[in-house]
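The file run.pdb contains PDB, C-alpha atoms, pLDDT in the B column:
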```
ATOM      1  CA  ILE D   4     -50.254 242.908  47.755  1.00 86.00           C
ATOM      2  CA  ASP D   5     -48.610 240.761  50.387  1.00 87.00           C
ATOM      3  CA  GLY D   6     -46.956 240.907  53.755  1.00 87.00           C
ATOM      4  CA  SER D   7     -45.292 238.831  56.420  1.00 89.00           C
ATOM      5  CA  ASN D   8     -45.032 238.772  60.189  1.00 91.00           C
ATOM      6  CA  GLY D   9     -43.320 236.256  62.503  1.00 92.00           C
ATOM      7  CA  GLY D  10     -43.161 233.359  60.053  1.00 94.00           C
ATOM      8  CA  PHE D  11     -46.598 234.068  58.544  1.00 96.00           C
ATOM      9  CA  ALA D  12     -46.932 235.264  54.952  1.00 94.00           C
ATOM     10  CA  TYR D  13     -50.239 236.461  53.496  1.00 95.00           C
ATOM     11  CA  GLY D  14     -51.589 238.276  50.524  1.00 94.00           C
ATOM     12  CA  VAL D  15     -53.902 238.706  47.608  1.00 94.00           C
ATOM     13  CA  TRP D  16     -53.022 238.680  43.915  1.00 89.00           C
ATOM     14  CA  ALA D  17     -55.266 239.660  40.987  1.00 89.00           C
ATOM     15  CA  ILE D  18     -55.199 239.472  37.195  1.00 86.00           C
ATOM     16  CA  ASP D  19     -57.528 240.390  34.345  1.00 84.00           C
ATOM     17  CA  ASP D  20     -58.576 236.915  33.220  1.00 76.00           C
ATOM     18  CA  SER D  21     -60.228 237.947  29.943  1.00 74.00           C
ATOM     19  CA  HIS D  22     -59.237 234.995  27.796  1.00 70.00           C
ATOM     20  CA  ALA D  23     -61.116 232.046  26.307  1.00 66.00           C
ATOM     21  CA  GLY D  24     -64.418 233.889  26.692  1.00 71.00           C
ATOM     22  CA  ASN D  25     -63.903 234.851  30.337  1.00 72.00           C
ATOM     23  CA  ASP D  26     -64.976 238.344  31.321  1.00 78.00           C
ATOM     24  CA  GLY D  27     -63.593 239.334  34.685  1.00 84.00           C
ATOM     25  CA  LEU D  28     -60.886 238.938  37.276  1.00 88.00           C
ATOM     26  CA  GLU D  29     -59.098 236.072  38.937  1.00 88.00           C
ATOM     27  CA  TYR D  30     -57.964 236.873  42.447  1.00 91.00           C
ATOM     28  CA  ASP D  31     -55.943 234.607  44.680  1.00 94.00           C
ATOM     29  CA  ILE D  32     -55.859 234.723  48.469  1.00 96.00           C
ATOM     30  CA  TYR D  33     -53.031 233.007  50.307  1.00 96.00           C
ATOM     31  CA  LEU D  34     -51.679 232.382  53.791  1.00 97.00           C
ATOM     32  CA  SER D  35     -48.639 230.369  54.851  1.00 97.00           C
ATOM     33  CA  TYR D  36     -46.401 229.723  57.819  1.00 98.00           C
ATOM     34  CA  GLY D  37     -42.768 228.743  57.582  1.00 97.00           C
ATOM     35  CA  LYS D  38     -39.576 228.463  59.579  1.00 95.00           C
ATOM     36  CA  GLU D  39     -35.886 228.337  58.892  1.00 90.00           C
ATOM     37  CA  GLU D  40     -34.428 225.478  60.881  1.00 87.00           C
ATOM     38  CA  SER D  41     -30.727 224.689  61.267  1.00 85.00           C
ATOM     39  CA  LYS D  42     -30.913 221.722  58.864  1.00 87.00           C
ATOM     40  CA  PHE D  43     -33.683 222.804  56.488  1.00 92.00           C
ATOM     41  CA  ASP D  44     -36.459 225.324  55.814  1.00 95.00           C
ATOM     42  CA  TRP D  45     -40.115 224.377  55.673  1.00 97.00           C
ATOM     43  CA  SER D  46     -43.486 225.988  55.016  1.00 97.00           C
ATOM     44  CA  VAL D  47     -47.138 225.028  54.817  1.00 98.00           C
ATOM     45  CA  GLY D  48     -49.875 227.166  53.330  1.00 97.00           C
ATOM     46  CA  TYR D  49     -53.303 227.527  51.762  1.00 97.00           C
ATOM     47  CA  THR D  50     -54.242 229.227  48.483  1.00 96.00           C
ATOM     48  CA  ARG D  51     -57.757 229.919  47.154  1.00 95.00           C
ATOM     49  CA  TYR D  52     -58.320 231.003  43.543  1.00 91.00           C
ATOM     50  CA  GLU D  53     -61.557 232.971  43.000  1.00 90.00           C
ATOM     51  CA  TYR D  54     -63.115 234.265  39.774  1.00 87.00           C
ATOM     52  CA  THR D  55     -65.528 237.192  39.396  1.00 87.00           C
ATOM     53  CA  TYR D  56     -67.198 235.673  36.306  1.00 84.00           C
ATOM     54  CA  THR D  57     -68.199 232.269  37.731  1.00 80.00           C
ATOM     55  CA  ALA D  58     -68.980 230.472  40.982  1.00 80.00           C
ATOM     56  CA  ASP D  59     -66.058 228.142  40.181  1.00 80.00           C
ATOM     57  CA  PHE D  60     -63.045 228.253  42.508  1.00 85.00           C
ATOM     58  CA  GLU D  61     -59.897 226.292  43.186  1.00 88.00           C
ATOM     59  CA  GLN D  62     -58.121 225.702  46.471  1.00 91.00           C
ATOM     60  CA  GLU D  63     -54.891 224.024  47.416  1.00 93.00           C
ATOM     61  CA  ILE D  64     -52.576 223.113  50.250  1.00 95.00           C
ATOM     62  CA  ASN D  65     -48.977 224.210  49.656  1.00 96.00           C
ATOM     63  CA  ILE D  66     -45.988 222.415  51.178  1.00 97.00           C
ATOM     64  CA  GLY D  67     -42.382 223.575  50.815  1.00 96.00           C
ATOM     65  CA  LEU D  68     -39.035 222.150  51.914  1.00 96.00           C
ATOM     66  CA  GLY D  69     -35.615 223.647  51.325  1.00 96.00           C
ATOM     67  CA  LYS D  70     -31.957 223.090  52.075  1.00 94.00           C
ATOM     68  CA  GLY D  71     -29.347 225.570  50.954  1.00 90.00           C
ATOM     69  CA  SER D  72     -29.833 226.384  47.266  1.00 91.00           C
ATOM     70  CA  TRP D  73     -32.389 223.573  46.715  1.00 94.00           C
ATOM     71  CA  SER D  74     -36.138 223.556  47.315  1.00 95.00           C
ATOM     72  CA  LEU D  75     -39.111 221.271  46.766  1.00 96.00           C
ATOM     73  CA  ALA D  76     -42.676 222.549  46.388  1.00 95.00           C
ATOM     74  CA  VAL D  77     -45.782 220.352  46.381  1.00 94.00           C
ATOM     75  CA  ASP D  78     -49.266 221.807  45.868  1.00 92.00           C
ATOM     76  CA  ILE D  79     -52.278 219.526  46.307  1.00 91.00           C
ATOM     77  CA  GLY D  80     -55.525 221.025  45.111  1.00 89.00           C
ATOM     78  CA  GLU D  81     -59.045 220.674  43.914  1.00 86.00           C
ATOM     79  CA  ASP D  82     -61.092 222.482  41.294  1.00 79.00           C
ATOM     80  CA  GLU D  83     -64.728 223.018  42.251  1.00 71.00           C
ATOM     81  CA  ASP D  84     -66.448 223.325  38.877  1.00 64.00           C
ATOM     82  CA  ASP D  85     -69.930 224.768  39.409  1.00 50.00           C
ATOM     83  CA  GLY D  86     -71.241 221.782  41.345  1.00 52.00           C
ATOM     84  CA  ALA D  87     -69.571 219.121  39.202  1.00 55.00           C
ATOM     85  CA  ASP D  88     -67.196 216.562  40.689  1.00 56.00           C
ATOM     86  CA  ALA D  89     -63.986 218.086  41.984  1.00 61.00           C
ATOM     87  CA  ILE D  90     -60.905 217.584  39.835  1.00 62.00           C
ATOM     88  CA  ASP D  91     -57.970 216.945  42.134  1.00 80.00           C
ATOM     89  CA  TYR D  92     -54.465 217.794  40.988  1.00 84.00           C
ATOM     90  CA  ARG D  93     -50.876 217.803  42.175  1.00 87.00           C
ATOM     91  CA  HIS D  94     -48.107 220.208  41.230  1.00 89.00           C
ATOM     92  CA  THR D  95     -44.519 219.267  42.079  1.00 93.00           C
ATOM     93  CA  ALA D  96     -41.426 221.396  41.441  1.00 94.00           C
ATOM     94  CA  ILE D  97     -37.747 221.128  42.280  1.00 95.00           C
ATOM     95  CA  SER D  98     -35.752 224.367  42.187  1.00 94.00           C
ATOM     96  CA  TRP D  99     -32.163 225.481  42.496  1.00 94.00           C
ATOM     97  CA  ALA D 100     -31.132 229.099  43.065  1.00 91.00           C
ATOM     98  CA  ALA D 101     -27.711 230.770  43.079  1.00 87.00           C
ATOM     99  CA  ASN D 102     -27.338 233.810  45.342  1.00 81.00           C
ATOM    100  CA  ASP D 103     -31.029 234.734  44.856  1.00 72.00           C
ATOM    101  CA  VAL D 104     -30.109 235.958  41.374  1.00 83.00           C
ATOM    102  CA  TYR D 105     -30.313 232.962  39.023  1.00 87.00           C
ATOM    103  CA  GLY D 106     -32.566 229.952  39.276  1.00 92.00           C
ATOM    104  CA  LEU D 107     -33.704 226.777  37.575  1.00 91.00           C
ATOM    105  CA  THR D 108     -37.031 225.000  38.180  1.00 92.00           C
ATOM    106  CA  VAL D 109     -38.275 221.667  36.843  1.00 92.00           C
ATOM    107  CA  GLY D 110     -41.891 220.769  37.527  1.00 89.00           C
ATOM    108  CA  GLN D 111     -44.903 218.644  36.689  1.00 89.00           C
ATOM    109  CA  VAL D 112     -48.648 219.181  36.938  1.00 85.00           C
ATOM    110  CA  ASP D 113     -50.665 215.981  37.291  1.00 83.00           C
ATOM    111  CA  PRO D 114     -54.460 216.322  37.152  1.00 77.00           C
ATOM    112  CA  ASP D 115     -56.155 213.302  38.708  1.00 68.00           C
ATOM    113  CA  THR D 116     -57.886 212.098  35.564  1.00 57.00           C
ATOM    114  CA  ASP D 117     -58.254 208.663  34.034  1.00 55.00           C
ATOM    115  CA  THR D 118     -55.483 209.270  31.496  1.00 55.00           C
ATOM    116  CA  ASP D 119     -52.013 210.792  31.573  1.00 56.00           C
ATOM    117  CA  ASP D 120     -52.851 212.976  28.543  1.00 60.00           C
ATOM    118  CA  ASP D 121     -53.487 215.993  30.806  1.00 68.00           C
ATOM    119  CA  ASP D 122     -50.127 215.759  32.617  1.00 78.00           C
ATOM    120  CA  TYR D 123     -47.572 218.349  31.604  1.00 82.00           C
ATOM    121  CA  ASN D 124     -43.971 219.102  32.451  1.00 88.00           C
ATOM    122  CA  TYR D 125     -42.166 222.422  32.470  1.00 89.00           C
ATOM    123  CA  ILE D 126     -38.721 223.866  32.934  1.00 93.00           C
ATOM    124  CA  GLU D 127     -37.914 227.482  33.803  1.00 93.00           C
ATOM    125  CA  VAL D 128     -34.746 229.547  33.975  1.00 95.00           C
ATOM    126  CA  ALA D 129     -34.992 232.796  35.928  1.00 94.00           C
ATOM    127  CA  ALA D 130     -32.874 235.827  36.743  1.00 94.00           C
ATOM    128  CA  SER D 131     -33.629 238.661  39.143  1.00 93.00           C
ATOM    129  CA  GLY D 132     -32.081 241.857  40.424  1.00 92.00           C
ATOM    130  CA  GLU D 133     -32.737 245.466  41.335  1.00 91.00           C
ATOM    131  CA  VAL D 134     -33.196 248.362  38.908  1.00 89.00           C
ATOM    132  CA  SER D 135     -33.962 251.909  40.166  1.00 88.00           C
ATOM    133  CA  ASP D 136     -35.372 250.701  43.527  1.00 86.00           C
ATOM    134  CA  LEU D 137     -37.544 248.084  41.792  1.00 91.00           C
ATOM    135  CA  ASP D 138     -37.143 244.342  42.217  1.00 90.00           C
ATOM    136  CA  VAL D 139     -37.217 242.907  38.698  1.00 94.00           C
ATOM    137  CA  SER D 140     -37.211 239.361  37.375  1.00 94.00           C
ATOM    138  CA  MET D 141     -37.328 237.532  34.082  1.00 95.00           C
ATOM    139  CA  THR D 142     -38.444 233.914  33.675  1.00 94.00           C
ATOM    140  CA  LEU D 143     -38.038 231.958  30.463  1.00 95.00           C
ATOM    141  CA  GLY D 144     -39.865 228.639  30.354  1.00 93.00           C
ATOM    142  CA  THR D 145     -41.155 225.829  28.207  1.00 92.00           C
ATOM    143  CA  VAL D 146     -44.130 223.497  28.682  1.00 90.00           C
ATOM    144  CA  SER D 147     -44.550 220.062  27.131  1.00 89.00           C
ATOM    145  CA  GLN D 148     -47.662 217.923  27.189  1.00 81.00           C
ATOM    146  CA  GLU D 149     -48.336 214.532  25.616  1.00 72.00           C
ATOM    147  CA  ASP D 150     -50.010 214.855  22.190  1.00 68.00           C
ATOM    148  CA  THR D 151     -49.639 218.655  22.299  1.00 75.00           C
ATOM    149  CA  ALA D 152     -47.003 220.930  20.819  1.00 72.00           C
ATOM    150  CA  THR D 153     -44.359 222.215  23.206  1.00 83.00           C
ATOM    151  CA  HIS D 154     -44.572 225.972  23.726  1.00 87.00           C
ATOM    152  CA  GLY D 155     -42.424 228.563  25.429  1.00 91.00           C
ATOM    153  CA  TYR D 156     -43.186 231.613  27.526  1.00 91.00           C
ATOM    154  CA  LEU D 157     -41.523 234.702  28.961  1.00 94.00           C
ATOM    155  CA  VAL D 158     -42.598 236.399  32.193  1.00 92.00           C
ATOM    156  CA  LEU D 159     -41.276 239.853  33.162  1.00 93.00           C
ATOM    157  CA  SER D 160     -42.002 241.146  36.659  1.00 91.00           C
ATOM    158  CA  ALA D 161     -41.352 244.359  38.578  1.00 91.00           C
ATOM    159  CA  SER D 162     -42.295 245.022  42.203  1.00 87.00           C
ATOM    160  CA  LYS D 163     -41.647 247.567  44.930  1.00 84.00           C
ATOM    161  CA  SER D 164     -41.461 246.881  48.678  1.00 78.00           C
ATOM    162  CA  PHE D 165     -42.433 249.418  51.304  1.00 73.00           C
ATOM    163  CA  ASP D 166     -41.244 249.322  54.917  1.00 69.00           C
ATOM    164  CA  GLY D 167     -43.463 250.416  57.768  1.00 61.00           C
ATOM    165  CA  ILE D 168     -46.784 249.338  56.268  1.00 56.00           C
ATOM    166  CA  GLY D 169     -48.318 246.494  58.230  1.00 54.00           C
ATOM    167  CA  PHE D 170     -51.611 244.890  59.013  1.00 50.00           C
TER     168      PHE D 170
END
```
structure tokens encoding of this file:
Amino acid sequence: IDGSNGGFAYGVWAIDDSHAGNDGLEYDIYLSYGKEESKFDWSVGYTRYEYTYTADFEQEINIGLGKGSWSLAVDIGEDEDDGADAIDYRHTAISWAANDVYGLTVGQVDPDTDTDDDDYNYIEVAASGEVSDLDVSMTLGTVSQEDTATHGYLVLSASKSFDGIGF
């Protein structure tokens, strides 16, 4: 569920996170502010990732810049792991989109650890459109990590927007 008003965007997102022994939900809360300038677009935001099955949480600052069909996203975050030292990380992605229908993203996630073994790179190709009043999208991606097999993924999404509902 999300919304926007006067340059602000806000929302909450949830998923059943029952994998790897987890038993509960992950829910993300986010807020950002952005503007479209004559030369470029920009945004700055905050995201907090909460989990119902642990006191652990993650939080990050989100920065976005765009010009025409190109955009750059940088997320700088920390993982609070039940009182242990925070693990800082950086996510960087460069994207290109054509007419809000097709897109290509290349990114890297760089945990701030002593080795580069945890770094991973990804590439995604996406397409979106409208089907029966639903906004639909499909993303096909691949992830590669040093000393780990490369694997692919497919994400299908459908959403519906409603006018007149505001907070």
How would you write, as a PDB file with C-alpha atoms, keeping the file's coordinate frame, the residues chosen by the PyMOL selection byres ((chain D and resi 95) around 6) on this structure?
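Listed below is the output, selection.pdb:
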```pdb
ATOM      1  CA  ALA D  76     -42.676 222.549  46.388  1.00 95.00           C
ATOM      2  CA  VAL D  77     -45.782 220.352  46.381  1.00 94.00           C
ATOM      3  CA  HIS D  94     -48.107 220.208  41.230  1.00 89.00           C
ATOM      4  CA  ALA D  96     -41.426 221.396  41.441  1.00 94.00           C
ATOM      5  CA  GLY D 110     -41.891 220.769  37.527  1.00 89.00           C
ATOM      6  CA  GLN D 111     -44.903 218.644  36.689  1.00 89.00           C
TER       7      GLN D 111
END
```
Protein, DNA and RNA residues within 12 Å of (-29.9, 238.6, 43.3), all atoms listed in the file, as a PDB file with C-alpha atoms, in the frame of the given file:
```pdb
ATOM      1  CA  ALA D 100     -31.132 229.099  43.065  1.00 91.00           C
ATOM      2  CA  ALA D 101     -27.711 230.770  43.079  1.00 87.00           C
ATOM      3  CA  ASN D 102     -27.338 233.810  45.342  1.00 81.00           C
ATOM      4  CA  ASP D 103     -31.029 234.734  44.856  1.00 72.00           C
ATOM      5  CA  VAL D 104     -30.109 235.958  41.374  1.00 83.00           C
ATOM      6  CA  TYR D 105     -30.313 232.962  39.023  1.00 87.00           C
ATOM      7  CA  GLY D 106     -32.566 229.952  39.276  1.00 92.00           C
ATOM      8  CA  ALA D 129     -34.992 232.796  35.928  1.00 94.00           C
ATOM      9  CA  ALA D 130     -32.874 235.827  36.743  1.00 94.00           C
ATOM     10  CA  SER D 131     -33.629 238.661  39.143  1.00 93.00           C
ATOM     11  CA  GLY D 132     -32.081 241.857  40.424  1.00 92.00           C
ATOM     12  CA  GLU D 133     -32.737 245.466  41.335  1.00 91.00           C
ATOM     13  CA  VAL D 134     -33.196 248.362  38.908  1.00 89.00           C
ATOM     14  CA  ASP D 138     -37.143 244.342  42.217  1.00 90.00           C
ATOM     15  CA  VAL D 139     -37.217 242.907  38.698  1.00 94.00           C
ATOM     16  CA  SER D 140     -37.211 239.361  37.375  1.00 94.00           C
ATOM     17  CA  MET D 141     -37.328 237.532  34.082  1.00 95.00           C
TER      18      MET D 141
END
```
Quiz prompt | Sel. within 12 Å of pt (-34.5, 220.3, 48.2), counting all atoms listed in the file, output as a ChimeraX atom specification | solution = /D:42-45,67-77,95-100,108
Practice problem: Report the distance between atom CA of D:Tyr92 and atom CA of D:Leu34 in Å, rounded to one decimal place. | Solution: 19.6 Å
Self-check item: Top pick for closest residue to D:Gly48, considering D:Val109, D:Leu159, D:Val128, D:Ile79 and counting all atoms listed in the file
Solution: D:Ile79
Practice problem: Go through the shown structure with the PyMOL selection byres ((chain D and resi 163) around 7) and write out the matching residues as a list of chain:residue names. | Solution: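 Given this file, the PyMOL selection byres ((chain D and resi 163) around 7) evaluates to D:Leu137, D:Asp138, D:Ser162, D:Ser164, D:Phe165.
Once D:Glu63 and its same-chain neighbours fewer than 4 positions away are set aside, D:Tyr49, D:Thr50, D:Ile79, D:Gly80 remain within 6 Å of it when counting all atoms listed in the file.
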Exercise. Translate the PyMOL selection byres ((chain D and resi 158) around 8), as applied to the file shown, into an explicit residue set as a ChimeraX atom specification.
Key: /D:141-143,156-157,159-160
Self-check item: Contact residues around stretch 17-32 of chain D with all atoms listed in the file at 6 Å, ignoring same-chain residues under 4 positions, as number ranges by chain
Solution: D: 50-56
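Distance-wise, atom CA of D:Tyr36 and atom CA of D:Gly10 end up 5.4 Å apart.
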Exercise. May I ask for the distance between atom CA of D:Glu81 and atom CA of D:Arg93, given in Å to one decimal place?
Key: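 One can read the atom CA of D:Glu81 to atom CA of D:Arg93 distance as 8.8 Å.
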Quiz item: Residues at most 7 Å from stretch 145-153 of chain D, counting only C-alpha atoms, excluding those fewer than 6 positions away in the same chain, as number ranges by chain?
Solution: D: 120, 122-127
Output as a PDB file, in the coordinates of the input: stretch 34-45 of chain D, completed with all heavy atoms.
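Saved to rebuild_4.pdb:
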```pdb
ATOM      1  N   LEU D  34     -52.212 232.285  52.443  1.00 97.00           N
ATOM      2  CA  LEU D  34     -51.679 232.382  53.791  1.00 97.00           C
ATOM      3  C   LEU D  34     -50.734 231.211  53.991  1.00 97.00           C
ATOM      4  O   LEU D  34     -51.048 230.079  53.606  1.00 97.00           O
ATOM      5  CB  LEU D  34     -52.805 232.306  54.822  1.00 97.00           C
ATOM      6  CG  LEU D  34     -52.392 232.212  56.297  1.00 97.00           C
ATOM      7  CD1 LEU D  34     -51.720 233.505  56.755  1.00 97.00           C
ATOM      8  CD2 LEU D  34     -53.596 231.897  57.164  1.00 97.00           C
ATOM      9  N   SER D  35     -49.570 231.458  54.568  1.00 97.00           N
ATOM     10  CA  SER D  35     -48.639 230.369  54.851  1.00 97.00           C
ATOM     11  C   SER D  35     -47.873 230.662  56.136  1.00 97.00           C
ATOM     12  O   SER D  35     -47.838 231.791  56.620  1.00 97.00           O
ATOM     13  CB  SER D  35     -47.653 230.164  53.692  1.00 97.00           C
ATOM     14  OG  SER D  35     -46.780 231.270  53.581  1.00 97.00           O
ATOM     15  N   TYR D  36     -47.277 229.596  56.658  1.00 98.00           N
ATOM     16  CA  TYR D  36     -46.401 229.723  57.819  1.00 98.00           C
ATOM     17  C   TYR D  36     -45.157 228.898  57.535  1.00 98.00           C
ATOM     18  O   TYR D  36     -45.253 227.772  57.044  1.00 98.00           O
ATOM     19  CB  TYR D  36     -47.078 229.212  59.087  1.00 98.00           C
ATOM     20  CG  TYR D  36     -46.182 229.359  60.296  1.00 98.00           C
ATOM     21  CD1 TYR D  36     -46.027 230.587  60.905  1.00 98.00           C
ATOM     22  CD2 TYR D  36     -45.476 228.273  60.794  1.00 98.00           C
ATOM     23  CE1 TYR D  36     -45.182 230.747  62.000  1.00 98.00           C
ATOM     24  CE2 TYR D  36     -44.630 228.419  61.889  1.00 98.00           C
ATOM     25  CZ  TYR D  36     -44.493 229.653  62.483  1.00 98.00           C
ATOM     26  OH  TYR D  36     -43.647 229.802  63.556  1.00 98.00           O
ATOM     27  N   GLY D  37     -44.008 229.458  57.825  1.00 97.00           N
ATOM     28  CA  GLY D  37     -42.768 228.743  57.582  1.00 97.00           C
ATOM     29  C   GLY D  37     -41.698 229.106  58.590  1.00 97.00           C
ATOM     30  O   GLY D  37     -41.794 230.126  59.276  1.00 97.00           O
ATOM     31  N   LYS D  38     -40.698 228.234  58.671  1.00 95.00           N
ATOM     32  CA  LYS D  38     -39.576 228.463  59.579  1.00 95.00           C
ATOM     33  C   LYS D  38     -38.284 228.048  58.907  1.00 95.00           C
ATOM     34  O   LYS D  38     -38.271 227.145  58.072  1.00 95.00           O
ATOM     35  CB  LYS D  38     -39.740 227.643  60.857  1.00 95.00           C
ATOM     36  CG  LYS D  38     -40.839 228.177  61.765  1.00 95.00           C
ATOM     37  CD  LYS D  38     -40.760 227.548  63.117  1.00 95.00           C
ATOM     38  CE  LYS D  38     -39.731 228.317  63.908  1.00 95.00           C
ATOM     39  NZ  LYS D  38     -39.832 228.224  65.328  1.00 95.00           N
ATOM     40  N   GLU D  39     -37.225 228.721  59.313  1.00 90.00           N
ATOM     41  CA  GLU D  39     -35.886 228.337  58.892  1.00 90.00           C
ATOM     42  C   GLU D  39     -35.254 227.592  60.054  1.00 90.00           C
ATOM     43  O   GLU D  39     -35.020 228.169  61.107  1.00 90.00           O
ATOM     44  CB  GLU D  39     -35.063 229.571  58.533  1.00 90.00           C
ATOM     45  CG  GLU D  39     -35.570 230.292  57.317  1.00 90.00           C
ATOM     46  CD  GLU D  39     -34.711 231.500  56.951  1.00 90.00           C
ATOM     47  OE1 GLU D  39     -33.552 231.587  57.416  1.00 90.00           O
ATOM     48  OE2 GLU D  39     -35.209 232.349  56.215  1.00 90.00           O
ATOM     49  N   GLU D  40     -35.053 226.316  59.864  1.00 87.00           N
ATOM     50  CA  GLU D  40     -34.428 225.478  60.881  1.00 87.00           C
ATOM     51  C   GLU D  40     -32.936 225.382  60.577  1.00 87.00           C
ATOM     52  O   GLU D  40     -32.482 225.787  59.517  1.00 87.00           O
ATOM     53  CB  GLU D  40     -35.060 224.083  60.875  1.00 87.00           C
ATOM     54  CG  GLU D  40     -36.567 224.078  61.073  1.00 87.00           C
ATOM     55  CD  GLU D  40     -37.002 224.413  62.489  1.00 87.00           C
ATOM     56  OE1 GLU D  40     -36.160 224.358  63.410  1.00 87.00           O
ATOM     57  OE2 GLU D  40     -38.176 224.738  62.680  1.00 87.00           O
ATOM     58  N   SER D  41     -32.165 224.808  61.485  1.00 85.00           N
ATOM     59  CA  SER D  41     -30.727 224.689  61.267  1.00 85.00           C
ATOM     60  C   SER D  41     -30.392 223.732  60.125  1.00 85.00           C
ATOM     61  O   SER D  41     -29.410 223.928  59.418  1.00 85.00           O
ATOM     62  CB  SER D  41     -30.036 224.229  62.551  1.00 85.00           C
ATOM     63  OG  SER D  41     -30.527 222.967  62.955  1.00 85.00           O
ATOM     64  N   LYS D  42     -31.205 222.702  59.914  1.00 87.00           N
ATOM     65  CA  LYS D  42     -30.913 221.722  58.864  1.00 87.00           C
ATOM     66  C   LYS D  42     -31.694 221.968  57.573  1.00 87.00           C
ATOM     67  O   LYS D  42     -31.249 221.606  56.502  1.00 87.00           O
ATOM     68  CB  LYS D  42     -31.180 220.316  59.369  1.00 87.00           C
ATOM     69  CG  LYS D  42     -30.265 219.935  60.507  1.00 87.00           C
ATOM     70  CD  LYS D  42     -30.437 218.505  60.882  1.00 87.00           C
ATOM     71  CE  LYS D  42     -29.534 218.224  62.069  1.00 87.00           C
ATOM     72  NZ  LYS D  42     -28.939 216.939  62.023  1.00 87.00           N
ATOM     73  N   PHE D  43     -32.874 222.564  57.675  1.00 92.00           N
ATOM     74  CA  PHE D  43     -33.683 222.804  56.488  1.00 92.00           C
ATOM     75  C   PHE D  43     -34.737 223.861  56.777  1.00 92.00           C
ATOM     76  O   PHE D  43     -35.001 224.188  57.931  1.00 92.00           O
ATOM     77  CB  PHE D  43     -34.332 221.507  55.990  1.00 92.00           C
ATOM     78  CG  PHE D  43     -35.311 220.910  56.958  1.00 92.00           C
ATOM     79  CD1 PHE D  43     -36.658 221.234  56.890  1.00 92.00           C
ATOM     80  CD2 PHE D  43     -34.898 220.029  57.942  1.00 92.00           C
ATOM     81  CE1 PHE D  43     -37.570 220.690  57.785  1.00 92.00           C
ATOM     82  CE2 PHE D  43     -35.795 219.477  58.842  1.00 92.00           C
ATOM     83  CZ  PHE D  43     -37.136 219.817  58.757  1.00 92.00           C
ATOM     84  N   ASP D  44     -35.344 224.380  55.721  1.00 95.00           N
ATOM     85  CA  ASP D  44     -36.459 225.324  55.814  1.00 95.00           C
ATOM     86  C   ASP D  44     -37.733 224.570  55.463  1.00 95.00           C
ATOM     87  O   ASP D  44     -37.709 223.632  54.669  1.00 95.00           O
ATOM     88  CB  ASP D  44     -36.286 226.473  54.816  1.00 95.00           C
ATOM     89  CG  ASP D  44     -34.972 227.208  54.979  1.00 95.00           C
ATOM     90  OD1 ASP D  44     -34.414 227.203  56.089  1.00 95.00           O
ATOM     91  OD2 ASP D  44     -34.509 227.782  53.978  1.00 95.00           O
ATOM     92  N   TRP D  45     -38.852 225.001  56.016  1.00 97.00           N
ATOM     93  CA  TRP D  45     -40.115 224.377  55.673  1.00 97.00           C
ATOM     94  C   TRP D  45     -41.231 225.420  55.709  1.00 97.00           C
ATOM     95  O   TRP D  45     -41.116 226.446  56.369  1.00 97.00           O
ATOM     96  CB  TRP D  45     -40.453 223.211  56.612  1.00 97.00           C
ATOM     97  CG  TRP D  45     -40.617 223.628  58.059  1.00 97.00           C
ATOM     98  CD1 TRP D  45     -39.645 223.675  59.010  1.00 97.00           C
ATOM     99  CD2 TRP D  45     -41.811 224.082  58.681  1.00 97.00           C
ATOM    100  NE1 TRP D  45     -40.161 224.114  60.196  1.00 97.00           N
ATOM    101  CE2 TRP D  45     -41.499 224.372  60.027  1.00 97.00           C
ATOM    102  CE3 TRP D  45     -43.114 224.281  58.254  1.00 97.00           C
ATOM    103  CZ2 TRP D  45     -42.441 224.842  60.927  1.00 97.00           C
ATOM    104  CZ3 TRP D  45     -44.065 224.745  59.154  1.00 97.00           C
ATOM    105  CH2 TRP D  45     -43.717 225.022  60.472  1.00 97.00           C
TER     106      TRP D  45
END
```
